[in-house]
>>> print(open('upload.cif').read())   # mmCIF, C-alpha atoms (C1' of nucleotides)
data_run
#
loop_
_atom_site.label_atom_id
_atom_site.label_comp_id
_atom_site.auth_asym_id
_atom_site.auth_seq_id
_atom_site.Cartn_x
_atom_site.Cartn_y
_atom_site.Cartn_z
CA MET A 1 97.18 105.06 90.55
CA LYS A 2 95.00 104.84 87.56
CA LEU A 3 94.53 106.95 84.52
CA SER A 4 90.93 108.11 84.06
CA LYS A 5 88.90 107.47 80.93
CA ARG A 6 88.31 111.18 80.93
CA THR A 7 91.95 111.80 80.10
CA ARG A 8 92.20 108.87 77.73
CA TYR A 9 89.12 109.97 75.82
CA GLY A 10 90.28 113.55 75.79
CA LEU A 11 93.61 112.56 74.37
CA ARG A 12 91.96 110.39 71.72
CA ALA A 13 89.86 113.35 70.66
CA MET A 14 92.91 115.56 70.53
CA VAL A 15 94.73 113.06 68.35
CA GLU A 16 91.74 112.96 65.98
CA LEU A 17 91.84 116.72 65.78
CA ALA A 18 95.59 116.64 65.23
CA VAL A 19 95.20 114.17 62.38
CA GLY A 20 92.69 116.48 60.73
CA PHE A 21 94.61 119.65 61.51
CA GLY A 22 94.14 122.18 58.70
CA ASP A 23 91.16 120.38 57.17
CA GLY A 24 88.40 122.50 58.67
CA PRO A 25 86.14 121.74 61.61
CA LEU A 26 85.61 118.21 62.83
CA GLN A 27 82.31 117.28 64.48
CA ILE A 28 81.99 115.72 67.89
CA LYS A 29 79.77 113.03 66.46
CA LEU A 30 82.51 111.91 64.10
CA ILE A 31 85.18 111.84 66.76
CA ALA A 32 82.90 110.00 69.14
CA ASN A 33 82.05 107.37 66.53
CA ARG A 34 85.62 106.82 65.44
CA GLN A 35 86.83 106.48 69.00
CA ALA A 36 83.83 104.69 70.48
CA ILE A 37 83.08 107.37 73.05
CA SER A 38 79.65 108.54 74.17
CA VAL A 39 78.77 111.70 72.22
CA LYS A 40 77.30 113.43 75.25
CA TYR A 41 80.24 112.63 77.43
CA LEU A 42 82.69 113.78 74.81
CA GLU A 43 80.79 117.06 74.51
CA GLN A 44 81.66 117.77 78.12
CA LEU A 45 85.28 116.83 77.71
CA ILE A 46 85.71 118.94 74.61
CA SER A 47 84.14 121.85 76.41
CA VAL A 48 86.91 121.53 78.99
CA LEU A 49 89.53 121.33 76.27
CA LYS A 50 88.05 124.45 74.77
CA SER A 51 88.16 126.46 77.97
CA GLY A 52 91.68 125.20 78.40
CA GLY A 53 92.55 126.91 75.12
CA PHE A 54 93.42 123.75 73.20
CA VAL A 55 90.57 123.79 70.73
CA ASN A 56 88.41 126.32 68.92
CA SER A 57 84.86 125.74 67.77
CA ILE A 58 82.44 126.81 65.08
CA ARG A 59 78.78 126.66 65.99
CA GLY A 60 75.81 125.70 63.83
CA ALA A 61 75.49 123.38 60.88
CA LYS A 62 78.84 122.35 59.38
CA GLY A 63 80.43 123.55 62.54
CA GLY A 64 82.81 121.57 64.66
CA TYR A 65 86.13 121.74 66.43
CA MET A 66 89.74 122.27 65.52
CA LEU A 67 93.01 122.55 67.40
CA ALA A 68 93.75 126.06 68.58
CA LYS A 69 97.49 125.51 68.12
CA SER A 70 99.68 123.47 65.87
CA PRO A 71 99.97 119.82 67.04
CA ASP A 72 103.70 120.17 67.58
CA LYS A 73 103.01 122.85 70.16
CA ILE A 74 100.74 120.65 72.28
CA HIS A 75 102.47 118.33 74.71
CA LEU A 76 100.73 115.41 76.36
CA SER A 77 101.60 116.91 79.71
CA ASP A 78 99.37 119.88 78.86
CA ILE A 79 96.38 117.66 78.15
CA PHE A 80 97.04 115.67 81.30
CA ALA A 81 97.25 118.71 83.48
CA LEU A 82 93.91 119.92 82.18
CA LEU A 83 91.87 116.71 82.17
CA GLU A 84 93.45 114.60 84.85
CA GLY A 85 94.29 117.43 87.14
CA ASP A 86 97.76 117.34 88.52
CA VAL A 87 99.30 113.99 89.07
CA VAL A 88 99.18 113.73 92.82
CA THR A 89 101.15 111.39 94.98
CA SER A 90 101.09 113.44 98.15
CA GLU A 91 99.70 116.91 98.60
CA CYS A 92 102.94 118.09 100.12
CA VAL A 93 104.75 117.79 96.82
CA ARG A 94 102.97 120.86 95.49
CA ASP A 95 101.85 122.48 98.69
CA VAL A 96 104.62 122.47 101.24
CA SER A 97 102.39 124.08 103.85
CA VAL A 98 100.23 120.98 104.41
CA CYS A 99 102.93 119.43 106.52
CA GLY A 100 105.18 122.16 107.84
CA ARG A 101 108.17 119.87 108.00
CA SER A 102 108.37 119.06 104.32
CA SER A 103 111.88 120.31 104.01
CA ASP A 104 113.02 117.42 106.18
CA CYS A 105 110.71 114.76 104.83
CA VAL A 106 112.32 111.75 103.20
CA ALA A 107 109.07 110.67 101.59
CA ARG A 108 108.36 113.93 99.88
CA ASP A 109 111.52 113.49 97.82
CA ILE A 110 110.22 110.19 96.56
CA TRP A 111 106.78 111.42 95.56
CA SER A 112 108.44 114.33 93.92
CA LYS A 113 110.65 112.00 91.91
CA VAL A 114 107.67 109.96 90.79
CA GLU A 115 105.78 112.99 89.61
CA ASN A 116 108.81 114.29 87.78
CA ALA A 117 109.35 110.97 86.07
CA ILE A 118 105.79 110.96 84.77
CA ASP A 119 106.00 114.55 83.66
CA GLU A 120 109.25 113.94 81.86
CA VAL A 121 107.67 111.27 79.69
CA LEU A 122 104.51 113.24 78.99
CA SER A 123 106.16 116.53 78.21
CA SER A 124 108.56 114.88 75.79
CA ILE A 125 105.70 113.86 73.48
CA THR A 126 103.60 116.18 71.31
CA LEU A 127 100.43 115.47 69.39
CA GLN A 128 102.48 115.81 66.22
CA ASP A 129 104.73 112.97 67.41
CA MET A 130 101.67 110.79 67.70
CA VAL A 131 100.41 111.74 64.27
CA ASP A 132 103.82 111.02 62.77
CA ARG A 133 103.96 107.60 64.32
CA LEU A 134 100.43 106.96 63.21
CA ASN A 135 101.34 107.79 59.63
CA SER A 136 104.47 105.68 59.70
CA ARG A 137 102.31 102.74 60.70
CA GLY A 138 99.75 103.30 57.98
CA LYS A 139 97.08 104.71 60.31
CA VAL A 140 96.19 101.19 61.29
CA ASN A 141 94.87 102.19 64.63
CA TYR A 142 94.98 104.42 67.58
CA GLN A 143 92.64 103.28 70.24
CA ILE A 144 94.22 105.05 73.13
CA MET B 1 96.25 109.87 88.75
CA LYS B 2 96.38 109.97 92.43
CA LEU B 3 98.13 107.95 95.05
CA SER B 4 95.76 106.43 97.61
CA LYS B 5 96.06 106.99 101.32
CA ARG B 6 96.02 103.25 101.58
CA THR B 7 99.43 103.05 99.95
CA ARG B 8 100.76 106.08 101.74
CA TYR B 9 99.69 104.75 105.12
CA GLY B 10 100.99 101.32 104.28
CA LEU B 11 104.36 102.73 103.36
CA ARG B 12 104.47 104.82 106.53
CA ALA B 13 103.85 101.72 108.57
CA MET B 14 106.54 99.85 106.71
CA VAL B 15 109.03 102.63 107.35
CA GLU B 16 108.18 102.52 111.07
CA LEU B 17 108.82 98.80 111.05
CA ALA B 18 112.04 99.32 109.14
CA VAL B 19 113.24 101.87 111.67
CA GLY B 20 112.59 99.38 114.45
CA PHE B 21 113.93 96.39 112.54
CA GLY B 22 115.62 93.98 114.95
CA ASP B 23 114.07 95.51 118.06
CA GLY B 24 111.25 93.03 118.53
CA PRO B 25 107.58 93.41 117.70
CA LEU B 26 106.01 96.81 117.19
CA GLN B 27 102.32 97.30 118.00
CA ILE B 28 99.77 98.65 115.59
CA LYS B 29 98.64 101.16 118.16
CA LEU B 30 102.11 102.67 118.33
CA ILE B 31 102.50 102.90 114.58
CA ALA B 32 99.05 104.39 114.20
CA ASN B 33 99.72 107.00 116.84
CA ARG B 34 103.10 107.98 115.50
CA GLN B 35 101.79 108.29 111.98
CA ALA B 36 98.34 109.68 112.74
CA ILE B 37 96.45 106.83 111.14
CA SER B 38 93.23 105.25 112.38
CA VAL B 39 94.12 102.11 114.34
CA LYS B 40 91.31 100.07 112.85
CA TYR B 41 92.12 101.10 109.33
CA LEU B 42 95.77 100.33 109.81
CA GLU B 43 94.87 96.90 111.13
CA GLN B 44 93.36 96.13 107.76
CA LEU B 45 96.30 97.45 105.85
CA ILE B 46 98.80 95.53 107.92
CA SER B 47 96.79 92.39 107.40
CA VAL B 48 97.27 92.89 103.66
CA LEU B 49 100.97 93.49 104.16
CA LYS B 50 101.11 90.30 106.16
CA SER B 51 99.43 88.15 103.54
CA GLY B 52 101.75 89.77 101.03
CA GLY B 53 104.64 88.33 103.00
CA PHE B 54 106.17 91.63 104.04
CA VAL B 55 105.50 91.41 107.76
CA ASN B 56 105.24 88.77 110.45
CA SER B 57 103.18 89.01 113.58
CA ILE B 58 103.11 87.84 117.18
CA ARG B 59 99.72 87.55 118.79
CA GLY B 60 98.67 88.28 122.34
CA ALA B 61 99.99 90.70 124.90
CA LYS B 62 103.40 92.19 124.02
CA GLY B 63 102.80 90.97 120.50
CA GLY B 64 103.05 93.08 117.40
CA TYR B 65 104.54 93.17 113.96
CA MET B 66 107.94 93.10 112.37
CA LEU B 67 109.33 93.07 108.87
CA ALA B 68 109.58 89.62 107.36
CA LYS B 69 112.68 90.58 105.39
CA SER B 70 115.57 92.94 105.83
CA PRO B 71 114.65 96.54 104.87
CA ASP B 72 117.24 96.56 102.11
CA LYS B 73 115.39 93.71 100.43
CA ILE B 74 112.07 95.57 100.26
CA HIS B 75 111.64 97.95 97.36
CA LEU B 76 108.95 100.57 97.26
CA SER B 77 107.69 99.04 94.05
CA ASP B 78 106.82 95.88 96.02
CA ILE B 79 104.70 97.79 98.49
CA PHE B 80 103.03 99.69 95.70
CA ALA B 81 102.16 96.59 93.76
CA LEU B 82 100.55 95.08 96.84
CA LEU B 83 98.61 98.05 98.21
CA GLU B 84 97.94 100.21 95.20
CA GLY B 85 97.50 97.40 92.76
CA ASP B 86 99.31 97.82 89.52
CA VAL B 87 99.77 101.31 88.24
CA VAL B 88 97.34 101.40 85.37
CA THR B 89 97.28 103.86 82.53
CA SER B 90 95.48 101.72 79.98
CA GLU B 91 94.51 98.08 80.34
CA CYS B 92 96.23 97.24 77.09
CA VAL B 93 99.66 97.86 78.60
CA ARG B 94 99.44 94.67 80.60
CA ASP B 95 96.76 92.80 78.71
CA VAL B 96 97.33 93.04 74.99
CA SER B 97 94.16 91.10 74.24
CA VAL B 98 91.81 93.91 75.31
CA CYS B 99 92.40 95.70 72.03
CA GLY B 100 93.62 93.20 69.47
CA ARG B 101 95.59 95.81 67.61
CA SER B 102 97.94 96.77 70.40
CA SER B 103 101.01 95.94 68.39
CA ASP B 104 100.20 98.87 66.12
CA CYS B 105 98.95 101.28 68.73
CA VAL B 106 100.87 104.52 69.15
CA ALA B 107 99.23 105.26 72.46
CA ARG B 108 100.11 101.99 74.10
CA ASP B 109 103.78 102.86 73.76
CA ILE B 110 103.19 106.04 75.71
CA TRP B 111 101.28 104.45 78.56
CA SER B 112 103.91 101.81 78.71
CA LYS B 113 106.63 104.44 79.01
CA VAL B 114 104.77 106.18 81.82
CA GLU B 115 104.38 102.99 83.80
CA ASN B 116 108.00 102.11 83.31
CA ALA B 117 109.11 105.54 84.43
CA ILE B 118 107.15 105.19 87.66
CA ASP B 119 108.39 101.70 88.27
CA GLU B 120 111.98 102.73 87.69
CA VAL B 121 111.80 105.30 90.47
CA LEU B 122 110.00 103.02 92.90
CA SER B 123 112.13 99.96 92.39
CA SER B 124 115.30 101.98 92.84
CA ILE B 125 114.42 102.77 96.45
CA THR B 126 114.39 100.36 99.38
CA LEU B 127 113.06 100.80 102.89
CA GLN B 128 116.64 100.83 104.05
CA ASP B 129 117.33 103.82 101.82
CA MET B 130 114.54 105.66 103.58
CA VAL B 131 115.81 104.73 107.01
CA ASP B 132 119.30 105.89 106.06
CA ARG B 133 118.06 109.23 104.88
CA LEU B 134 115.97 109.54 107.98
CA ASN B 135 119.01 108.96 110.17
CA SER B 136 121.12 111.40 108.22
CA ARG B 137 118.50 114.04 108.88
CA GLY B 138 118.30 113.33 112.58
CA LYS B 139 114.94 111.55 112.40
CA VAL B 140 113.23 114.89 112.37
CA ASN B 141 110.24 113.63 110.54
CA TYR B 142 108.75 111.29 108.09
CA GLN B 143 105.15 112.05 107.51
CA ILE B 144 104.76 110.33 104.19
"C1'" DT C 1 93.74 81.39 136.92
"C1'" DA C 2 91.82 85.99 135.98
"C1'" DT C 3 92.95 90.08 133.54
"C1'" DA C 4 94.76 92.88 130.24
"C1'" DA C 5 96.88 93.51 125.92
"C1'" DT C 6 97.27 92.40 121.64
"C1'" DA C 7 96.31 90.35 116.83
"C1'" DC C 8 92.64 88.71 113.76
"C1'" DA C 9 87.99 88.68 111.39
"C1'" DT C 10 83.88 90.40 109.30
"C1'" DA C 11 80.35 93.46 108.34
"C1'" DC C 12 78.76 97.97 107.70
"C1'" DT C 13 78.74 103.02 106.01
"C1'" DA C 14 79.10 108.07 104.64
"C1'" DA C 15 81.11 110.71 101.36
"C1'" DC C 16 83.07 111.09 97.09
"C1'" DT C 17 84.24 110.05 92.23
"C1'" DT C 18 83.48 108.30 87.70
"C1'" DA C 19 81.40 107.84 83.57
"C1'" DG C 20 78.00 108.61 81.97
"C1'" DT C 21 72.44 110.12 80.54
"C1'" DA C 22 68.67 113.59 79.76
"C1'" DG C 23 66.68 117.45 77.90
"C1'" DG C 24 66.99 121.11 76.03
"C1'" DA C 25 68.66 126.33 74.21
"C1'" DA C 26 71.53 128.94 70.96
"C1'" DT C 27 73.57 129.41 66.54
"C1'" DA C 28 74.46 128.93 61.68
"C1'" DA C 29 74.07 126.78 56.85
"C1'" DT C 30 70.92 125.50 53.35
"C1'" DA D 1 61.68 126.96 57.89
"C1'" DT D 2 64.51 123.10 58.64
"C1'" DT D 3 68.38 120.80 59.94
"C1'" DA D 4 72.81 120.30 61.97
"C1'" DT D 5 75.59 121.47 65.08
"C1'" DT D 6 77.66 123.56 69.55
"C1'" DC D 7 76.62 124.83 74.21
"C1'" DC D 8 74.51 124.51 78.89
"C1'" DT D 9 72.79 122.48 83.16
"C1'" DA D 10 71.04 119.07 85.87
"C1'" DC D 11 70.63 114.40 87.18
"C1'" DT D 12 72.20 109.43 88.26
"C1'" DA D 13 73.86 104.49 88.88
"C1'" DA D 14 77.67 102.12 90.18
"C1'" DG D 15 81.91 101.89 92.23
"C1'" DT D 16 85.69 103.40 95.38
"C1'" DT D 17 87.78 105.28 99.51
"C1'" DA D 18 88.66 105.70 104.01
"C1'" DG D 19 87.13 104.67 107.35
"C1'" DT D 20 83.68 102.59 111.93
"C1'" DA D 21 81.70 98.96 114.62
"C1'" DT D 22 81.67 94.85 116.99
"C1'" DG D 23 83.40 91.46 118.11
"C1'" DT D 24 86.74 86.64 118.69
"C1'" DA D 25 91.26 84.36 119.48
"C1'" DT D 26 95.62 84.28 121.57
"C1'" DT D 27 99.28 85.24 124.80
"C1'" DA D 28 101.91 87.48 128.77
"C1'" DT D 29 101.79 88.49 133.36
"C1'" DA D 30 100.07 89.47 138.09
#
>>> encode(input="upload.cif", output="structure tokens")
Amino acid sequence: MKLSKRTRYGLRAMVELAVGFGDGPLQIKLIANRQAISVKYLEQLISVLKSGGFVNSIRGAKGGYMLAKSPDKIHLSDIFALLEGDVVTSECVRDVSVCGRSSDCVARDIWSKVENAIDEVLSSITLQDMVDRLNSRGKVNYQI
Amino acid sequence: MKLSKRTRYGLRAMVELAVGFGDGPLQIKLIANRQAISVKYLEQLISVLKSGGFVNSIRGAKGGYMLAKSPDKIHLSDIFALLEGDVVTSECVRDVSVCGRSSDCVARDIWSKVENAIDEVLSSITLQDMVDRLNSRGKVNYQI
DNA sequence: TATAATACATACTAACTTAGTAGGAATAAT
DNA sequence: ATTATTCCTACTAAGTTAGTATGTATTATA
């Protein structure tokens, strides 16, 4: 069980956008430089975040990206679900039909617990929480 | 974040061995058949479980495998650590030196929380717990 | 003692996933 | 017109996963 760079990068970008929330569009190039991510790769990730409804864009010179919602309305679980896909322990957790005897399965309960535990942590944290902590630490760093 | 079949199969095998704990050696072929796992693949997994100290073996005809410890002494977190490797969100959670500024990082705290949440669930459950639940449900099933 | 049943060992492989790169077209500010 | 940006699509190298393949070594038992 490993978290993909895709999700980590995506979250970093979202935190950058959250930090600059209200300050006009932020360019991919800037985000990529600040967070040491390949520009071209980040383009693809941001495009996913855009179709997911988390960011808006302005095209052309002086264009860029901004959060589509206030940072306190975006939970880490949302970003995870979009970029990482669902956390999956066993398919049966979400799709009972793959086994047919799921209602009796002792293992399914466990996988279900694991997924819930992860989701509980992630949905309890918003982008705004991260920005707040960042500020309280003097913006020293947030390599994610 | 996805759980590998490797770990799922390994856990299934361990549960089979836990169910038969005290009844003499259990053959790979039997476990593989009961749990619908490729015999050859399971051989490799069990070999890992053996070097991890979780199972003992008897070679030759009528040989097989058995748990090296009582099922109530084996926590799911142990099996995970061996087969899945550590749950990894970001390298910095375990190895602070990869970033150098980890002590100030707001993201590290989050990854750390996620890993702890997973570990809490997994270390709270033993093989014996699974066997007990299985028995209380009439051994209907445990496709894991 | 021959045979069968089992564990043990090592090498190979197809399919998939990841983390990109490459090369541009479309759009907007100046 | 030029430049800066987003947007789009295709390609790719390296690694991982879930196996197969082909045996050898060991032990029970007939």
>>> residues_around(input="upload.cif", residues="stretch 9-26 of chain C", least_positions_apart="2", cutoff="12 Å", atoms="only C-alpha atoms (C1' of nucleotides)", output="VMD selection string")
(chain A and resid 3 to 7 9 37 to 45 59 to 60) or (chain B and resid 40 43 to 44 47) or (chain C and resid 7 28) or (chain D and resid 5 to 25)
>>> atom_distance(input="upload.cif", atom1="atom CA of B:Val96", atom2="atom CA of B:Asn116")
16.3 Å
>>> interface_residues(input="upload.cif", of="chain B", to="chain A", cutoff="10 Å", atoms="only C-alpha atoms", output="mmCIF file with C-alpha atoms, in the coordinates of the input")
data_model
loop_
_atom_site.group_PDB
_atom_site.id
_atom_site.type_symbol
_atom_site.label_atom_id
_atom_site.label_comp_id
_atom_site.auth_asym_id
_atom_site.auth_seq_id
_atom_site.Cartn_x
_atom_site.Cartn_y
_atom_site.Cartn_z
ATOM 1 C CA MET B 1 96.250 109.870 88.750
ATOM 2 C CA LYS B 2 96.380 109.970 92.430
ATOM 3 C CA LEU B 3 98.130 107.950 95.050
ATOM 4 C CA SER B 4 95.760 106.430 97.610
ATOM 5 C CA LYS B 5 96.060 106.990 101.320
ATOM 6 C CA THR B 7 99.430 103.050 99.950
ATOM 7 C CA ARG B 8 100.760 106.080 101.740
ATOM 8 C CA LEU B 11 104.360 102.730 103.360
ATOM 9 C CA ARG B 12 104.470 104.820 106.530
ATOM 10 C CA VAL B 15 109.030 102.630 107.350
ATOM 11 C CA LEU B 76 108.950 100.570 97.260
ATOM 12 C CA PHE B 80 103.030 99.690 95.700
ATOM 13 C CA GLU B 84 97.940 100.210 95.200
ATOM 14 C CA GLY B 85 97.500 97.400 92.760
ATOM 15 C CA ASP B 86 99.310 97.820 89.520
ATOM 16 C CA VAL B 87 99.770 101.310 88.240
ATOM 17 C CA VAL B 88 97.340 101.400 85.370
ATOM 18 C CA THR B 89 97.280 103.860 82.530
ATOM 19 C CA SER B 90 95.480 101.720 79.980
ATOM 20 C CA GLU B 91 94.510 98.080 80.340
ATOM 21 C CA CYS B 92 96.230 97.240 77.090
ATOM 22 C CA CYS B 99 92.400 95.700 72.030
ATOM 23 C CA ARG B 101 95.590 95.810 67.610
ATOM 24 C CA SER B 102 97.940 96.770 70.400
ATOM 25 C CA SER B 103 101.010 95.940 68.390
ATOM 26 C CA ASP B 104 100.200 98.870 66.120
ATOM 27 C CA CYS B 105 98.950 101.280 68.730
ATOM 28 C CA VAL B 106 100.870 104.520 69.150
ATOM 29 C CA ALA B 107 99.230 105.260 72.460
ATOM 30 C CA ARG B 108 100.110 101.990 74.100
ATOM 31 C CA ASP B 109 103.780 102.860 73.760
ATOM 32 C CA ILE B 110 103.190 106.040 75.710
ATOM 33 C CA TRP B 111 101.280 104.450 78.560
ATOM 34 C CA LYS B 113 106.630 104.440 79.010
ATOM 35 C CA VAL B 114 104.770 106.180 81.820
ATOM 36 C CA GLU B 115 104.380 102.990 83.800
ATOM 37 C CA ASN B 116 108.000 102.110 83.310
ATOM 38 C CA ALA B 117 109.110 105.540 84.430
ATOM 39 C CA ILE B 118 107.150 105.190 87.660
ATOM 40 C CA ASP B 119 108.390 101.700 88.270
ATOM 41 C CA GLU B 120 111.980 102.730 87.690
ATOM 42 C CA VAL B 121 111.800 105.300 90.470
ATOM 43 C CA LEU B 122 110.000 103.020 92.900
ATOM 44 C CA ILE B 125 114.420 102.770 96.450
ATOM 45 C CA ASP B 129 117.330 103.820 101.820
ATOM 46 C CA MET B 130 114.540 105.660 103.580
ATOM 47 C CA VAL B 131 115.810 104.730 107.010
ATOM 48 C CA ASP B 132 119.300 105.890 106.060
ATOM 49 C CA ARG B 133 118.060 109.230 104.880
ATOM 50 C CA LEU B 134 115.970 109.540 107.980
ATOM 51 C CA ARG B 137 118.500 114.040 108.880
ATOM 52 C CA GLY B 138 118.300 113.330 112.580
ATOM 53 C CA LYS B 139 114.940 111.550 112.400
ATOM 54 C CA VAL B 140 113.230 114.890 112.370
ATOM 55 C CA ASN B 141 110.240 113.630 110.540
ATOM 56 C CA TYR B 142 108.750 111.290 108.090
ATOM 57 C CA GLN B 143 105.150 112.050 107.510
ATOM 58 C CA ILE B 144 104.760 110.330 104.190
#
>>> atom_distance(input="upload.cif", atom1="atom CA of A:Ala68", atom2="atom CA of A:Pro25")
11.2 Å
>>> atom_distance(input="upload.cif", atom1="atom CA of B:Phe54", atom2="atom CA of B:Phe21")
12.5 Å
>>> resolve_selection(input="upload.cif", expression="the PyMOL selection byres ((chain C) within 8 of (chain B))", output="count of residues only")
4
>>> residues_around(input="upload.cif", residues="B:Met14", least_positions_apart="4", cutoff="8 Å", atoms="all atoms listed in the file", output="list in words")
Gly10, Ala18, Leu67 and Leu127 of chain B
>>> interface_residues(input="upload.cif", of="chain D", to="chain B", cutoff="6 Å", atoms="all atoms listed in the file", output="ChimeraX atom specification")
/D:26-28
>>> axis_aligned_box(input="upload.cif", around="stretch 9-28 of chain B", padding_each_side="8 Å", output="JSON")
{"center_x": 107.7, "center_y": 98.9, "center_z": 110.9, "size_x": 31.9, "size_y": 27.8, "size_z": 31.2}
